[in-house]
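Right, one structure below, let's go through it.
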Amino acid sequence: MYYVNQEQIAVRLDAIPALTDALRELANGWNGSLMQGLAQERALHLAIEIVTDVGSYLIDGFLMRDASSYEDIIEITGAEGAYPADMTKTLTELVKLRRPLVQEYYSWPRSELHPYTARLAELLPTFASAVDMYLKKELQ
């Protein structure tokens with residue numbers, strides 16, 4: 001029997017609707033201001049943290065092979081069917097943004113709308129639904 005911390009997964013997935021609202025608002029009203037740039041950075045960062053945190057809980061709970069990187073978390077959970085295979089590439093590209101956002105923040109192009117800002121507003125709810133279905137299937 002597996003112990004999957006469903007409560008912590010749910011807490012993270014429950015943050016997605018507010019995040020997607022913010023991403024949509026940014027994408028639809030982009031003017032390149034400093035405030036919007038900083039908000040975009042934080043929204044992208046939160047998206048990365050949600051995806052990797054949920055992936056880590058799935059890996060730990062279902063005793064999947066250990067991940068050696070953020071990209072590995074995506075590869076492992078994708079290979080296990082936690083979300084549709086066509087999401088793997090986008091989620092991998094998303095987590096690759098972590099380093100520039102967290103460590104190279106001084107050179108992030110804040111005035112530019114990142115293409116994932118609008119894209120994630122559609123992808124994250126699908127990710128959440130897929131993870132929920134995966135949990136139901138695997139824990140029945």
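As shown in the structure tokens, the chain order sets the letters A, B, ...; within each chain, residues go from 1, and ligands are also counted from 1 in the order they appear.
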
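The shell of residues at most 12 Å from Ala67 (chain A), with only C-alpha atoms counted and near chain neighbours (fewer than 5 positions) removed, consists of Thr52, Gly55, Ser56, Tyr57, Leu58, Ile59, Asp60, Asp72, Ile73, Ile74, Glu75, Ile76 and Thr77 of chain A.
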
Counting only C-alpha atoms, which of A:Arg65, A:Ala15, A:Ala130, A:Glu71 gets nearest to Ala85 (chain A)?
->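 Result for the nearest residue to Ala85 (chain A): A:Ala130.
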
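With only C-alpha atoms as the atoms that count, the minimum distance from Ala82 (chain A) to the choices A:Asp14, A:Glu138, A:Asp66, A:Glu7 is reached by A:Glu138.
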
Nearby residues (only C-alpha atoms) at most 9 Å from Gly61 (chain A), same-chain spacing under 5 positions excluded, as a list in words | Tyr2, Tyr3, Val4, Asn5 and Ser56 of chain A

Which one of A:Ile48, A:Leu113, A:Ile9, A:Leu124 sits closest to Met87 (chain A) if you count only C-alpha atoms?
->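 With only C-alpha atoms as the atom set, the closest residue is A:Leu124.
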
Restricting to only C-alpha atoms, whichever of A:Ala43, A:Ala128, A:Leu13, A:Met64 is closest to Glu25 (chain A) is A:Ala43

Looking only at helix (DSSP H, G or I) from DSSP on the backbone, list the matching residues of chain A as a PyMOL selection string.
-> chain A and resi 6-13+16-28+34-61+70-79+85-96+98-102+105-107+115-139

CA of Ala22 (chain A) to CA of Glu93 (chain A), distance in Å rounded to a single decimal = 20.2 Å

Find the spatial neighbours of Ser111 (chain A), counting only C-alpha atoms, within a cut-off of 7 Å - ignore same-chain residues fewer than 6 positions away - and output them as a list in words.
-> Gly32, Ser33, Leu34 and Gly37 of chain A

Separation of CA of Ala39 (chain A) from CA of Tyr70 (chain A) in Å |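 Computed distance, CA of Tyr70 (chain A) to CA of Ala39 (chain A), equals 22.5 Å.
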
Which neighbours of Asp21 (chain A) fall inside 12 Å, counting only C-alpha atoms, when residues of the same chain fewer than 2 positions from it are skipped, and could you give them as an mmCIF file with N, CA and C atoms, in the first residue's frame?
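Output below, filename around-v9.cif:
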```cif
data_model
loop_
_atom_site.group_PDB
_atom_site.id
_atom_site.type_symbol
_atom_site.label_atom_id
_atom_site.label_comp_id
_atom_site.auth_asym_id
_atom_site.auth_seq_id
_atom_site.Cartn_x
_atom_site.Cartn_y
_atom_site.Cartn_z
ATOM 1 N N ALA A 15 -4.042 25.982 -5.469
ATOM 2 C CA ALA A 15 -3.476 27.313 -5.753
ATOM 3 C C ALA A 15 -3.537 27.651 -7.247
ATOM 4 N N ILE A 16 -3.822 26.673 -8.069
ATOM 5 C CA ILE A 16 -3.786 26.877 -9.523
ATOM 6 C C ILE A 16 -4.842 27.856 -10.027
ATOM 7 N N PRO A 17 -6.099 27.806 -9.580
ATOM 8 C CA PRO A 17 -7.074 28.764 -10.141
ATOM 9 C C PRO A 17 -6.681 30.231 -9.960
ATOM 10 N N ALA A 18 -6.222 30.616 -8.795
ATOM 11 C CA ALA A 18 -5.805 32.008 -8.584
ATOM 12 C C ALA A 18 -4.596 32.336 -9.461
ATOM 13 N N LEU A 19 -3.685 31.397 -9.577
ATOM 14 C CA LEU A 19 -2.494 31.604 -10.396
ATOM 15 C C LEU A 19 -2.867 31.756 -11.871
ATOM 16 N N LEU A 23 -2.178 34.872 -14.369
ATOM 17 C CA LEU A 23 -1.474 34.700 -15.645
ATOM 18 C C LEU A 23 -2.300 35.251 -16.806
ATOM 19 N N ARG A 24 -3.599 34.960 -16.799
ATOM 20 C CA ARG A 24 -4.481 35.484 -17.855
ATOM 21 C C ARG A 24 -4.523 37.017 -17.829
ATOM 22 N N GLU A 25 -4.665 37.559 -16.631
ATOM 23 C CA GLU A 25 -4.728 39.016 -16.502
ATOM 24 C C GLU A 25 -3.447 39.663 -17.009
ATOM 25 N N LEU A 26 -2.322 39.067 -16.661
ATOM 26 C CA LEU A 26 -1.047 39.595 -17.150
ATOM 27 C C LEU A 26 -0.968 39.513 -18.672
ATOM 28 N N ALA A 27 -1.309 38.364 -19.218
ATOM 29 C CA ALA A 27 -1.200 38.174 -20.668
ATOM 30 C C ALA A 27 -2.145 39.098 -21.430
ATOM 31 N N ASN A 28 -3.334 39.269 -20.903
ATOM 32 C CA ASN A 28 -4.331 40.077 -21.613
ATOM 33 C C ASN A 28 -4.109 41.574 -21.482
ATOM 34 N N GLN A 40 4.805 38.756 -13.241
ATOM 35 C CA GLN A 40 4.984 37.636 -14.165
ATOM 36 C C GLN A 40 6.066 36.682 -13.660
ATOM 37 N N ALA A 43 4.622 34.667 -10.844
ATOM 38 C CA ALA A 43 3.621 33.711 -11.319
ATOM 39 C C ALA A 43 4.290 32.520 -12.004
ATOM 40 N N THR A 117 3.359 32.664 -20.172
ATOM 41 C CA THR A 117 2.398 33.335 -19.308
ATOM 42 C C THR A 117 0.974 33.011 -19.752
ATOM 43 N N ALA A 118 0.679 33.175 -21.016
ATOM 44 C CA ALA A 118 -0.654 32.847 -21.528
ATOM 45 C C ALA A 118 -0.843 31.338 -21.629
ATOM 46 N N LEU A 120 0.379 28.850 -19.858
ATOM 47 C CA LEU A 120 0.178 28.170 -18.582
ATOM 48 C C LEU A 120 -1.228 28.360 -18.030
ATOM 49 N N ALA A 121 -1.862 29.462 -18.387
ATOM 50 C CA ALA A 121 -3.235 29.690 -17.926
ATOM 51 C C ALA A 121 -4.158 28.588 -18.426
ATOM 52 N N GLU A 122 -3.828 27.981 -19.550
ATOM 53 C CA GLU A 122 -4.613 26.866 -20.088
ATOM 54 C C GLU A 122 -4.066 25.516 -19.627
ATOM 55 N N LEU A 124 -2.161 24.641 -16.804
ATOM 56 C CA LEU A 124 -2.171 24.278 -15.388
ATOM 57 C C LEU A 124 -3.481 23.646 -14.923
ATOM 58 N N PRO A 125 -4.649 24.139 -15.332
ATOM 59 C CA PRO A 125 -5.878 23.444 -14.932
ATOM 60 C C PRO A 125 -5.954 22.013 -15.480
#
```

Can you pull out every residue within 9 Å of Tyr83 (chain A), counting only C-alpha atoms, but drop anything in the same chain fewer than 2 positions away, and send it as a ChimeraX atom specification?
-> /A:77-81,85-88,126-131,133-134

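Interatomic distance, CA of Thr90 (chain A) against CA of Arg42 (chain A): 18.3 Å.
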